[in-house]
Amino acid sequence: MKETRIYERPKAWMKDVHTHYCPGCGHGITHRLLCEVIDELEIKDKTIGIAPVGCAAMMYDYVDTDYCEAAHGRAPALATGLKRTRPDRVVFTYQGDGDLASIGMAEIVHAANRGEKFTTIFINNAIYGMTGGQMAPTTLIGQKATTCPYGRDPELAGYPMRMCELLSTLETPAYIERVTVAEPKYVIAAKKAIKKAFQYQIEGKGYSFVEVLSNCPTNWGMQPVQSFKWTLETMVPYYPLGVYKDFE
């Protein structure tokens with residue numbers, strides 16, 4: 001009897017290996033969605049990813065496209081150069097909140113303001129994951145981190161940065177949406193957003209930005225199921241899901 005397989009490894013997934021991510025981390029889910037979109041759009045051989053510093057710095061070991069490594073926060077600058085010199089390529093940056101919203105804030109704002117025709121996948125887990133759980137620009141008020149063990153104090157550190165809201169005030173971005181991978185129904189919506197962002201780039205409509213609310217069980221000090229629940233109950237109220245800008 002012929003075997004029927006309805007769920008298989010995406011062709012854009014490079015190796016049959018375990019990732020380096022902690023159990024329950026949302027990075028793995030987002031990687032798969034990215035690979036599924038690349039497969040469905042049939043762009044694997046023309047896609048270039050930018051892997052900066054952070055938990056996803058070694059994603060080129062998992063996703064079978066061309067890659068460039070960027071200095072901390074500088075992925076948008078590198079993506080700008082690549083897309084301008086190779087406009088026939090599909091270029092994306094994959095950045096965490098520490099990389100994009102802290103040291104890379106100027107880079108992302110000006111790239112979006114120029115309307116550069118690449119795509120950014122922004123993973124917001126409200127903490128510095130790779131370097132030990134320090135407070136990030138997106139860490140919530142009262143949330144504890146290694147550099148704010150009593151919780152983030154807005155009088156000392158200001159308020160968490162809402163990147164979708166910030167970038168949507170600019171004239172030039174074509175598409176901005178915030179999604180999450182905390183539950184299956186949201187995972188489906190996240191894939192649609194990533195696919196739309198890539199389609200807009202392919203159609204030359206301009207800069208596209210998808211923020212993915214993710215979890216960090218290790219640095220949050222939670223079990224994976226608890227961390228997904230915390231994402232929905234605590235992060236989503238401050239970072240509302242939805243489309244913030246759409247070219248259409």
# chains A, B, ... in the order shown; residues from 1 in each chain; ligands from 1
>>> select_by_dssp(residues="range 148-209 of chain A", states="helix (DSSP H, G or I)", output="ChimeraX atom specification")
/A:154-157,163-167,184-202
>>> write_last_selection(atoms="C-alpha atoms", output="mmCIF file, in the first residue's frame")
data_model
loop_
_atom_site.group_PDB
_atom_site.id
_atom_site.type_symbol
_atom_site.label_atom_id
_atom_site.label_comp_id
_atom_site.auth_asym_id
_atom_site.auth_seq_id
_atom_site.Cartn_x
_atom_site.Cartn_y
_atom_site.Cartn_z
ATOM 1 C CA PRO A 154 10.208 52.730 33.267
ATOM 2 C CA GLU A 155 11.795 55.592 35.221
ATOM 3 C CA LEU A 156 15.196 53.984 34.739
ATOM 4 C CA ALA A 157 14.851 52.173 31.405
ATOM 5 C CA MET A 163 8.439 48.353 16.596
ATOM 6 C CA CYS A 164 5.374 47.803 14.399
ATOM 7 C CA GLU A 165 3.762 50.955 15.726
ATOM 8 C CA LEU A 166 6.999 52.913 15.331
ATOM 9 C CA LEU A 167 7.714 51.843 11.748
ATOM 10 C CA PRO A 184 -1.567 26.605 16.288
ATOM 11 C CA LYS A 185 -4.205 29.079 15.071
ATOM 12 C CA TYR A 186 -1.693 31.888 15.422
ATOM 13 C CA VAL A 187 1.004 29.840 13.685
ATOM 14 C CA ILE A 188 -1.246 29.603 10.625
ATOM 15 C CA ALA A 189 -1.709 33.380 10.631
ATOM 16 C CA ALA A 190 2.041 33.889 11.070
ATOM 17 C CA LYS A 191 2.787 31.847 7.973
ATOM 18 C CA LYS A 192 0.311 33.887 5.938
ATOM 19 C CA ALA A 193 2.004 37.090 7.069
ATOM 20 C CA ILE A 194 5.498 35.852 6.193
ATOM 21 C CA LYS A 195 4.291 34.691 2.795
ATOM 22 C CA LYS A 196 2.612 38.013 2.100
ATOM 23 C CA ALA A 197 5.776 39.884 3.093
ATOM 24 C CA PHE A 198 7.817 37.860 0.594
ATOM 25 C CA GLN A 199 5.184 38.256 -2.104
ATOM 26 C CA TYR A 200 5.250 42.018 -1.675
ATOM 27 C CA GLN A 201 9.014 41.973 -2.115
ATOM 28 C CA ILE A 202 8.781 39.792 -5.220
#
>>> residues_around(residues="Asp39 in chain A", least_positions_apart="6", cutoff="10 Å", atoms="only C-alpha atoms", output="PyMOL selection string")
chain A and resi 10-13+33
>>> closest_atom_pairs(of="range 111-149 of chain A", to="range 239-244 of chain A", cutoff="12 Å", atoms="only C-alpha atoms", output="tab-separated table")
residue	atom	partner	partner_atom	distance
A:Asn124	CA	A:Tyr239	CA	9.8
A:Asn125	CA	A:Tyr239	CA	11.1
A:Ala126	CA	A:Tyr239	CA	10.5
A:Thr138	CA	A:Tyr239	CA	9.6
A:Thr139	CA	A:Tyr239	CA	11.2
A:Leu140	CA	A:Tyr239	CA	9.9
>>> select_by_dssp(residues="range 36-204 of chain A", states="strand (DSSP E)", output="CSV table (one decimal) with C-alpha atoms, in the first residue's frame")
chain,number,residue,atom,x,y,z
A,47,THR,CA,16.8,33.8,-1.8
A,48,ILE,CA,19.6,35.4,0.3
A,49,GLY,CA,19.2,35.5,4.1
A,50,ILE,CA,21.0,37.8,6.5
A,51,ALA,CA,22.0,36.1,9.8
A,66,ASP,CA,22.5,31.6,0.4
A,67,TYR,CA,23.5,33.5,3.5
A,68,CYS,CA,25.6,36.4,4.7
A,69,GLU,CA,26.6,37.1,8.2
A,90,VAL,CA,14.7,37.8,-2.6
A,91,VAL,CA,16.6,39.2,0.4
A,92,PHE,CA,15.5,38.9,4.0
A,93,THR,CA,16.9,39.7,7.5
A,94,TYR,CA,16.0,37.6,10.5
A,95,GLN,CA,16.6,39.6,13.6
A,96,GLY,CA,15.9,39.4,17.4
A,119,THR,CA,11.9,41.7,4.1
A,120,THR,CA,12.6,41.7,7.8
A,121,ILE,CA,11.4,38.8,10.1
A,122,PHE,CA,11.7,40.3,13.6
A,123,ILE,CA,11.6,37.8,16.6
A,124,ASN,CA,10.4,39.6,19.7
A,175,TYR,CA,3.6,46.0,4.7
A,176,ILE,CA,3.9,45.7,8.5
A,177,GLU,CA,2.2,43.0,10.7
A,178,ARG,CA,2.6,41.5,14.2
A,179,VAL,CA,1.9,37.8,14.7
A,180,THR,CA,2.8,35.1,17.2
>>> residues_around(residues="Met130 in chain A", least_positions_apart="3", cutoff="10 Å", atoms="only C-alpha atoms", output="number ranges by chain")
A: 21, 53-57, 96, 98, 127, 133-134, 219
>>> write_last_selection(atoms="C-alpha atoms", output="PDB file, in the first residue's frame")
ATOM      1  CA  TYR A  21      17.569  26.176  20.187  1.00  0.00           C
ATOM      2  CA  VAL A  53      24.242  38.235  16.031  1.00  0.00           C
ATOM      3  CA  GLY A  54      21.824  36.519  18.420  1.00  0.00           C
ATOM      4  CA  CYS A  55      20.117  33.176  18.929  1.00  0.00           C
ATOM      5  CA  ALA A  56      19.498  32.844  15.176  1.00  0.00           C
ATOM      6  CA  ALA A  57      23.082  33.623  14.180  1.00  0.00           C
ATOM      7  CA  GLY A  96      15.944  39.371  17.367  1.00  0.00           C
ATOM      8  CA  GLY A  98      18.209  42.901  21.033  1.00  0.00           C
ATOM      9  CA  ILE A 127      14.735  39.524  26.325  1.00  0.00           C
ATOM     10  CA  GLY A 133      18.826  36.979  29.632  1.00  0.00           C
ATOM     11  CA  GLN A 134      19.592  40.687  29.937  1.00  0.00           C
ATOM     12  CA  ASN A 219      15.617  33.008  30.196  1.00  0.00           C
TER      13      ASN A 219
END
>>> residues_around(residues="range 220-227 of chain A", least_positions_apart="3", cutoff="12 Å", atoms="only C-alpha atoms", output="PyMOL selection string")
chain A and resi 22-26+125-129+132-135+139-140+143-146+149+151+181-183+213-217+230-235
>>> write_last_selection(atoms="C-alpha atoms", output="PDB file, in the first residue's frame")
ATOM      1  CA  CYS A  22      16.285  25.435  23.661  1.00  0.00           C
ATOM      2  CA  PRO A  23      13.285  23.052  23.935  1.00  0.00           C
ATOM      3  CA  GLY A  24      10.057  24.938  23.293  1.00  0.00           C
ATOM      4  CA  CYS A  25      11.722  27.953  21.648  1.00  0.00           C
ATOM      5  CA  GLY A  26       9.657  29.749  19.007  1.00  0.00           C
ATOM      6  CA  ASN A 125      10.809  37.461  22.875  1.00  0.00           C
ATOM      7  CA  ALA A 126      11.243  40.471  25.172  1.00  0.00           C
ATOM      8  CA  ILE A 127      14.735  39.524  26.325  1.00  0.00           C
ATOM      9  CA  TYR A 128      18.323  38.984  25.206  1.00  0.00           C
ATOM     10  CA  GLY A 129      18.313  35.229  24.642  1.00  0.00           C
ATOM     11  CA  GLY A 132      22.222  35.389  29.161  1.00  0.00           C
ATOM     12  CA  GLY A 133      18.826  36.979  29.632  1.00  0.00           C
ATOM     13  CA  GLN A 134      19.592  40.687  29.937  1.00  0.00           C
ATOM     14  CA  MET A 135      16.868  43.325  29.604  1.00  0.00           C
ATOM     15  CA  THR A 139      11.316  43.752  27.937  1.00  0.00           C
ATOM     16  CA  LEU A 140       7.984  44.497  29.579  1.00  0.00           C
ATOM     17  CA  GLN A 143       9.519  41.769  33.768  1.00  0.00           C
ATOM     18  CA  LYS A 144      12.654  40.439  35.429  1.00  0.00           C
ATOM     19  CA  ALA A 145      15.964  39.979  33.642  1.00  0.00           C
ATOM     20  CA  THR A 146      19.577  39.525  34.697  1.00  0.00           C
ATOM     21  CA  PRO A 149      16.369  41.499  38.740  1.00  0.00           C
ATOM     22  CA  GLY A 151      11.746  44.040  37.056  1.00  0.00           C
ATOM     23  CA  VAL A 181       3.575  31.409  17.223  1.00  0.00           C
ATOM     24  CA  ALA A 182       2.110  30.746  20.681  1.00  0.00           C
ATOM     25  CA  GLU A 183      -0.800  28.557  19.480  1.00  0.00           C
ATOM     26  CA  LEU A 213       5.991  37.411  19.287  1.00  0.00           C
ATOM     27  CA  SER A 214       7.922  34.404  20.517  1.00  0.00           C
ATOM     28  CA  ASN A 215       8.912  32.850  23.820  1.00  0.00           C
ATOM     29  CA  CYS A 216      12.165  32.239  25.651  1.00  0.00           C
ATOM     30  CA  PRO A 217      11.489  29.472  28.215  1.00  0.00           C
ATOM     31  CA  TRP A 230       2.641  33.959  29.164  1.00  0.00           C
ATOM     32  CA  THR A 231       3.184  35.190  25.604  1.00  0.00           C
ATOM     33  CA  LEU A 232      -0.571  35.339  25.014  1.00  0.00           C
ATOM     34  CA  GLU A 233      -1.588  36.643  28.415  1.00  0.00           C
ATOM     35  CA  THR A 234       1.194  39.172  29.027  1.00  0.00           C
ATOM     36  CA  MET A 235       2.940  40.081  25.763  1.00  0.00           C
TER      37      MET A 235
END
>>> closest_residue(among="A:Glu248, A:Asp16, A:Asp88, A:Glu116", to="Ile43 in chain A", atoms="only C-alpha atoms")
A:Asp88
>>> closest_residue(among="A:His20, A:Arg9, A:Lys44, A:Lys117", to="Ala79 in chain A", atoms="only C-alpha atoms")
A:Lys117
>>> atom_distance(atom1="CA of Lys229 in chain A", atom2="CA of Asp153 in chain A")
23.4 Å
>>> atom_distance(atom1="CA of Asp99 in chain A", atom2="CA of Gly73 in chain A")
4.8 Å
>>> closest_residue(among="A:His27, A:Lys205, A:Lys245, A:Arg89", to="Asp45 in chain A", atoms="only C-alpha atoms")
A:Arg89
>>> atom_distance(atom1="CA of Ala71 in chain A", atom2="CA of Leu41 in chain A")
28.8 Å
>>> decode(residues="range 146-189 of chain A", atoms="N, CA and C atoms", output="short mmCIF file (atom, residue, chain, number, x, y, z; two decimals), in the first residue's frame")
data_model
loop_
_atom_site.label_atom_id
_atom_site.label_comp_id
_atom_site.auth_asym_id
_atom_site.auth_seq_id
_atom_site.Cartn_x
_atom_site.Cartn_y
_atom_site.Cartn_z
N THR A 146 18.33 39.54 33.92
CA THR A 146 19.58 39.53 34.70
C THR A 146 20.08 40.93 34.99
N THR A 147 19.75 41.90 34.15
CA THR A 147 20.18 43.27 34.38
C THR A 147 19.09 44.12 35.04
N CYS A 148 17.94 43.53 35.30
CA CYS A 148 16.90 44.22 36.10
C CYS A 148 16.20 43.15 36.94
N PRO A 149 16.89 42.63 37.96
CA PRO A 149 16.37 41.50 38.74
C PRO A 149 15.09 41.82 39.51
N TYR A 150 14.77 43.10 39.67
CA TYR A 150 13.53 43.47 40.36
C TYR A 150 12.42 43.85 39.37
N GLY A 151 12.72 43.70 38.08
CA GLY A 151 11.75 44.04 37.06
C GLY A 151 12.07 45.36 36.38
N ARG A 152 11.69 45.49 35.14
CA ARG A 152 11.97 46.72 34.39
C ARG A 152 11.22 47.90 35.01
N ASP A 153 11.97 48.96 35.26
CA ASP A 153 11.43 50.18 35.85
C ASP A 153 11.42 51.25 34.76
N PRO A 154 10.26 51.75 34.36
CA PRO A 154 10.21 52.73 33.27
C PRO A 154 10.93 54.03 33.59
N GLU A 155 11.07 54.36 34.87
CA GLU A 155 11.80 55.59 35.22
C GLU A 155 13.29 55.46 34.96
N LEU A 156 13.77 54.22 34.99
CA LEU A 156 15.20 53.98 34.74
C LEU A 156 15.47 53.57 33.29
N ALA A 157 14.58 52.77 32.71
CA ALA A 157 14.85 52.17 31.41
C ALA A 157 13.87 52.58 30.32
N GLY A 158 12.92 53.44 30.64
CA GLY A 158 11.93 53.80 29.64
C GLY A 158 10.93 52.68 29.43
N TYR A 159 10.10 52.85 28.41
CA TYR A 159 9.05 51.88 28.13
C TYR A 159 9.47 50.95 27.00
N PRO A 160 8.91 49.74 26.94
CA PRO A 160 9.25 48.79 25.88
C PRO A 160 8.94 49.36 24.50
N MET A 161 9.81 49.10 23.54
CA MET A 161 9.67 49.62 22.19
C MET A 161 8.65 48.79 21.41
N ARG A 162 7.67 49.46 20.82
CA ARG A 162 6.71 48.80 19.94
C ARG A 162 7.15 49.08 18.49
N MET A 163 7.82 48.11 17.89
CA MET A 163 8.44 48.35 16.60
C MET A 163 7.42 48.48 15.46
N CYS A 164 6.38 47.68 15.46
CA CYS A 164 5.37 47.80 14.40
C CYS A 164 4.74 49.19 14.41
N GLU A 165 4.37 49.65 15.60
CA GLU A 165 3.76 50.95 15.73
C GLU A 165 4.73 52.06 15.29
N LEU A 166 5.99 51.91 15.68
CA LEU A 166 7.00 52.91 15.33
C LEU A 166 7.20 52.99 13.82
N LEU A 167 7.43 51.85 13.18
CA LEU A 167 7.71 51.84 11.75
C LEU A 167 6.50 52.20 10.90
N SER A 168 5.31 51.95 11.44
CA SER A 168 4.10 52.23 10.67
C SER A 168 3.84 53.73 10.54
N THR A 169 4.55 54.56 11.33
CA THR A 169 4.40 56.01 11.19
C THR A 169 5.15 56.54 9.97
N LEU A 170 6.02 55.71 9.39
CA LEU A 170 6.80 56.12 8.22
C LEU A 170 5.96 56.01 6.95
N GLU A 171 6.27 56.81 5.96
CA GLU A 171 5.49 56.82 4.72
C GLU A 171 5.76 55.62 3.83
N THR A 172 6.98 55.10 3.85
CA THR A 172 7.41 54.21 2.78
C THR A 172 7.20 52.71 2.96
N PRO A 173 7.16 52.14 4.17
CA PRO A 173 6.99 50.68 4.24
C PRO A 173 5.72 50.21 3.55
N ALA A 174 5.80 49.06 2.88
CA ALA A 174 4.65 48.53 2.15
C ALA A 174 3.77 47.65 3.03
N TYR A 175 4.39 46.93 3.96
CA TYR A 175 3.61 45.96 4.73
C TYR A 175 4.24 45.75 6.10
N ILE A 176 3.45 45.90 7.16
CA ILE A 176 3.91 45.69 8.53
C ILE A 176 2.83 44.93 9.28
N GLU A 177 3.20 43.81 9.89
CA GLU A 177 2.23 43.03 10.66
C GLU A 177 2.91 42.39 11.86
N ARG A 178 2.13 42.25 12.96
CA ARG A 178 2.62 41.55 14.15
C ARG A 178 1.81 40.26 14.33
N VAL A 179 2.54 39.16 14.53
CA VAL A 179 1.92 37.84 14.69
C VAL A 179 2.57 37.16 15.89
N THR A 180 2.14 35.93 16.19
CA THR A 180 2.78 35.13 17.23
C THR A 180 2.74 33.67 16.83
N VAL A 181 3.56 32.86 17.48
CA VAL A 181 3.57 31.41 17.22
C VAL A 181 3.20 30.66 18.50
N ALA A 182 2.41 31.30 19.37
CA ALA A 182 2.11 30.75 20.68
C ALA A 182 1.05 29.65 20.65
N GLU A 183 0.22 29.59 19.63
CA GLU A 183 -0.80 28.56 19.48
C GLU A 183 -0.96 28.23 18.00
N PRO A 184 -1.44 27.00 17.69
CA PRO A 184 -1.57 26.60 16.29
C PRO A 184 -2.32 27.60 15.41
N LYS A 185 -3.44 28.15 15.91
CA LYS A 185 -4.21 29.08 15.07
C LYS A 185 -3.39 30.34 14.74
N TYR A 186 -2.54 30.73 15.68
CA TYR A 186 -1.69 31.89 15.42
C TYR A 186 -0.52 31.53 14.51
N VAL A 187 -0.07 30.29 14.57
CA VAL A 187 1.00 29.84 13.69
C VAL A 187 0.54 29.92 12.23
N ILE A 188 -0.69 29.53 11.98
CA ILE A 188 -1.25 29.60 10.62
C ILE A 188 -1.26 31.05 10.13
N ALA A 189 -1.68 31.96 11.00
CA ALA A 189 -1.71 33.38 10.63
C ALA A 189 -0.30 33.92 10.41
#
